[in-house]
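Visitor: To start, I am sharing the structure in question, which I have written as structure tokens.
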Amino acid sequence: MDLRLELVSVPVSDVDRAKAFYTEQAGFNADHDHRVSENLRFVQLTPPGSACSISIGEGISTAPPGSVQGLQVVVTDITAARDELAGRGVAVSEIQDFPWGRFVFFSDPDGNGWAVQEVPPRP
């Protein structure tokens, strides 16, 4: 049996502001934006090249906005990724080196925290 993680809910306070951040600044693709009812709006966003998306919206999460930490994407070139994020206006950290990879960190407008990792070459 395959168990593929394909969608993670990210709680936000302003759906339009968060959607603009993720698409215009973080470079995610906007897959869906559907108002199901007056109390339910579903927005699905996917990082380029990822098999897993995030969902934001109204009525899809009871978690407080900004409470998701440790979301992580992996890139092949951390310098290029940092330069692209910074060039798009994301407040991204400097590159940090750890034995398990090179990282940069950023948060969305609500404070949901992201890590971008370049995995070290395998020996």
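Letters for chains follow the order of the structure tokens (A, B, ...), residue numbers begin at 1 for each chain, and ligand numbers begin at 1 in the order shown.
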Just the strand (DSSP E) stuff from chain A, please, per backbone DSSP, written as a ChimeraX atom specification.
Guide: /A:7-9,29-37,40-46,53-58,71-75,96-98,101-107,113-118
Visitor: Restricted to C-alpha atoms, what would the selected residues look like written as a PDB file, in the first residue's frame?
Guide:
```
ATOM      1  CA  LEU A   7      -1.927  18.013   0.897  1.00  0.00           C
ATOM      2  CA  VAL A   8      -1.067  19.945   4.070  1.00  0.00           C
ATOM      3  CA  SER A   9      -3.434  22.548   5.526  1.00  0.00           C
ATOM      4  CA  ASN A  29       1.427  27.407  -8.511  1.00  0.00           C
ATOM      5  CA  ALA A  30      -2.246  28.229  -7.873  1.00  0.00           C
ATOM      6  CA  ASP A  31      -4.063  24.969  -8.588  1.00  0.00           C
ATOM      7  CA  HIS A  32      -7.570  25.678  -7.245  1.00  0.00           C
ATOM      8  CA  ASP A  33      -9.496  28.536  -5.719  1.00  0.00           C
ATOM      9  CA  HIS A  34     -13.065  27.498  -5.166  1.00  0.00           C
ATOM     10  CA  ARG A  35     -15.754  28.960  -2.933  1.00  0.00           C
ATOM     11  CA  VAL A  36     -17.799  25.942  -1.941  1.00  0.00           C
ATOM     12  CA  SER A  37     -20.252  27.904   0.212  1.00  0.00           C
ATOM     13  CA  LEU A  40     -16.027  27.439   2.883  1.00  0.00           C
ATOM     14  CA  ARG A  41     -13.318  28.498   0.423  1.00  0.00           C
ATOM     15  CA  PHE A  42     -10.652  26.052  -0.697  1.00  0.00           C
ATOM     16  CA  VAL A  43      -7.358  27.226  -2.237  1.00  0.00           C
ATOM     17  CA  GLN A  44      -4.709  24.696  -3.255  1.00  0.00           C
ATOM     18  CA  LEU A  45      -1.142  25.831  -3.955  1.00  0.00           C
ATOM     19  CA  THR A  46       1.819  23.696  -5.029  1.00  0.00           C
ATOM     20  CA  SER A  53       0.455  20.868  -2.084  1.00  0.00           C
ATOM     21  CA  ILE A  54      -0.767  23.156   0.650  1.00  0.00           C
ATOM     22  CA  SER A  55      -4.329  24.261   1.222  1.00  0.00           C
ATOM     23  CA  ILE A  56      -5.403  27.593   2.606  1.00  0.00           C
ATOM     24  CA  GLY A  57      -8.883  28.975   2.820  1.00  0.00           C
ATOM     25  CA  GLU A  58     -11.901  29.692   4.924  1.00  0.00           C
ATOM     26  CA  LEU A  71       7.214  22.952   6.614  1.00  0.00           C
ATOM     27  CA  GLN A  72      10.120  21.998   4.391  1.00  0.00           C
ATOM     28  CA  VAL A  73      10.957  21.957   0.720  1.00  0.00           C
ATOM     29  CA  VAL A  74      14.148  20.606  -0.823  1.00  0.00           C
ATOM     30  CA  VAL A  75      16.181  22.235  -3.597  1.00  0.00           C
ATOM     31  CA  GLN A  96      22.907  28.288   7.363  1.00  0.00           C
ATOM     32  CA  ASP A  97      25.147  25.224   7.166  1.00  0.00           C
ATOM     33  CA  PHE A  98      24.417  22.085   9.189  1.00  0.00           C
ATOM     34  CA  GLY A 101      22.282  20.180   4.780  1.00  0.00           C
ATOM     35  CA  ARG A 102      22.270  23.848   3.930  1.00  0.00           C
ATOM     36  CA  PHE A 103      19.150  25.810   4.825  1.00  0.00           C
ATOM     37  CA  VAL A 104      17.337  29.095   4.529  1.00  0.00           C
ATOM     38  CA  PHE A 105      14.186  29.950   6.455  1.00  0.00           C
ATOM     39  CA  PHE A 106      11.191  32.188   5.827  1.00  0.00           C
ATOM     40  CA  SER A 107       7.651  32.726   7.086  1.00  0.00           C
ATOM     41  CA  GLY A 113       7.409  28.763   9.138  1.00  0.00           C
ATOM     42  CA  TRP A 114       9.203  27.237   6.175  1.00  0.00           C
ATOM     43  CA  ALA A 115      12.643  25.686   5.726  1.00  0.00           C
ATOM     44  CA  VAL A 116      14.355  25.309   2.375  1.00  0.00           C
ATOM     45  CA  GLN A 117      17.018  22.592   2.383  1.00  0.00           C
ATOM     46  CA  GLU A 118      19.828  21.666   0.037  1.00  0.00           C
TER      47      GLU A 118
END
```
Visitor: Name the residues of range 18-121 of chain A that come out as helix (DSSP H, G or I) in a backbone DSSP run; write them as a PyMOL selection string.
Guide: chain A and resi 18-25+78-87
Visitor: Take the residues from that selection and put them in a file with C-alpha atoms, as an mmCIF file, in the first residue's frame.
Guide:
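The new file result_11.cif reads:
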```
data_model
loop_
_atom_site.group_PDB
_atom_site.id
_atom_site.type_symbol
_atom_site.label_atom_id
_atom_site.label_comp_id
_atom_site.auth_asym_id
_atom_site.auth_seq_id
_atom_site.Cartn_x
_atom_site.Cartn_y
_atom_site.Cartn_z
ATOM 1 C CA ALA A 18 -1.651 34.510 1.738
ATOM 2 C CA LYS A 19 -2.474 33.387 -1.809
ATOM 3 C CA ALA A 20 -0.643 36.434 -3.203
ATOM 4 C CA PHE A 21 2.371 35.722 -0.983
ATOM 5 C CA TYR A 22 2.610 32.066 -1.962
ATOM 6 C CA THR A 23 2.083 32.634 -5.702
ATOM 7 C CA GLU A 24 3.780 35.991 -6.311
ATOM 8 C CA GLN A 25 6.607 35.810 -3.781
ATOM 9 C CA ILE A 78 20.300 26.712 -1.945
ATOM 10 C CA THR A 79 22.078 29.847 -3.188
ATOM 11 C CA ALA A 80 19.853 30.076 -6.262
ATOM 12 C CA ALA A 81 16.757 29.362 -4.162
ATOM 13 C CA ARG A 82 17.654 32.062 -1.647
ATOM 14 C CA ASP A 83 18.404 34.559 -4.406
ATOM 15 C CA GLU A 84 15.067 33.839 -6.095
ATOM 16 C CA LEU A 85 13.059 34.149 -2.887
ATOM 17 C CA ALA A 86 14.836 37.367 -1.876
ATOM 18 C CA GLY A 87 14.397 38.733 -5.401
#
```
Visitor: Could you pull the residues within 10 Å of Pro109 in chain A, counting only C-alpha atoms, minus those fewer than 6 positions along the same chain, as a list in words?
Guide: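 Answer for this query is Val12, Ser13, Asp14, Arg17, Ala18, Phe21, Tyr22, Pro65, Gly66 and Val90 of chain A.
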Visitor: In terms of the shortest atom-to-atom distance over only C-alpha atoms, which of A:Leu3, A:Ala26, A:Val119, A:Val15 is closest to Thr76 in chain A?
Guide: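 Ranked by minimum distance to Thr76 in chain A, first place goes to A:Val119.
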Visitor: Which one is closest to Cys52 in chain A: A:Arg122, A:Asp16, A:Ala91, A:Phe28? Count only C-alpha atoms.
Guide: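 Among the listed residues, A:Phe28 lies closest to Cys52 in chain A.
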Visitor: Got a sec: who's within 9 Å of Ala63 in chain A, counting only C-alpha atoms, leaving out chain neighbours fewer than 4 positions off, as a CSV table (one decimal) with N, CA and C atoms, in the first residue's frame?
Guide:
```
chain,number,residue,atom,x,y,z
A,10,VAL,N,-2.6,24.8,5.8
A,10,VAL,CA,-1.8,25.9,6.4
A,10,VAL,C,-2.8,27.0,6.8
A,11,PRO,N,-3.0,27.2,8.1
A,11,PRO,CA,-4.0,28.2,8.6
A,11,PRO,C,-3.5,29.6,8.4
A,12,VAL,N,-4.3,30.4,7.8
A,12,VAL,CA,-4.0,31.8,7.5
A,12,VAL,C,-5.2,32.7,7.9
A,67,SER,N,0.3,29.0,13.1
A,67,SER,CA,0.7,27.9,14.0
A,67,SER,C,1.4,26.8,13.4
A,68,VAL,N,1.6,26.7,12.1
A,68,VAL,CA,2.3,25.6,11.4
A,68,VAL,C,3.7,26.0,11.3
```
Visitor: So how far away is CA of Ile95 in chain A from CA of Glu6 in chain A, in Å?
Guide: 27.7 Å
Visitor: Enter the distance from CA of Asn39 in chain A to CA of Thr62 in chain A, in Å, rounded to one decimal.
Guide: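 So the answer is 12.9 Å.
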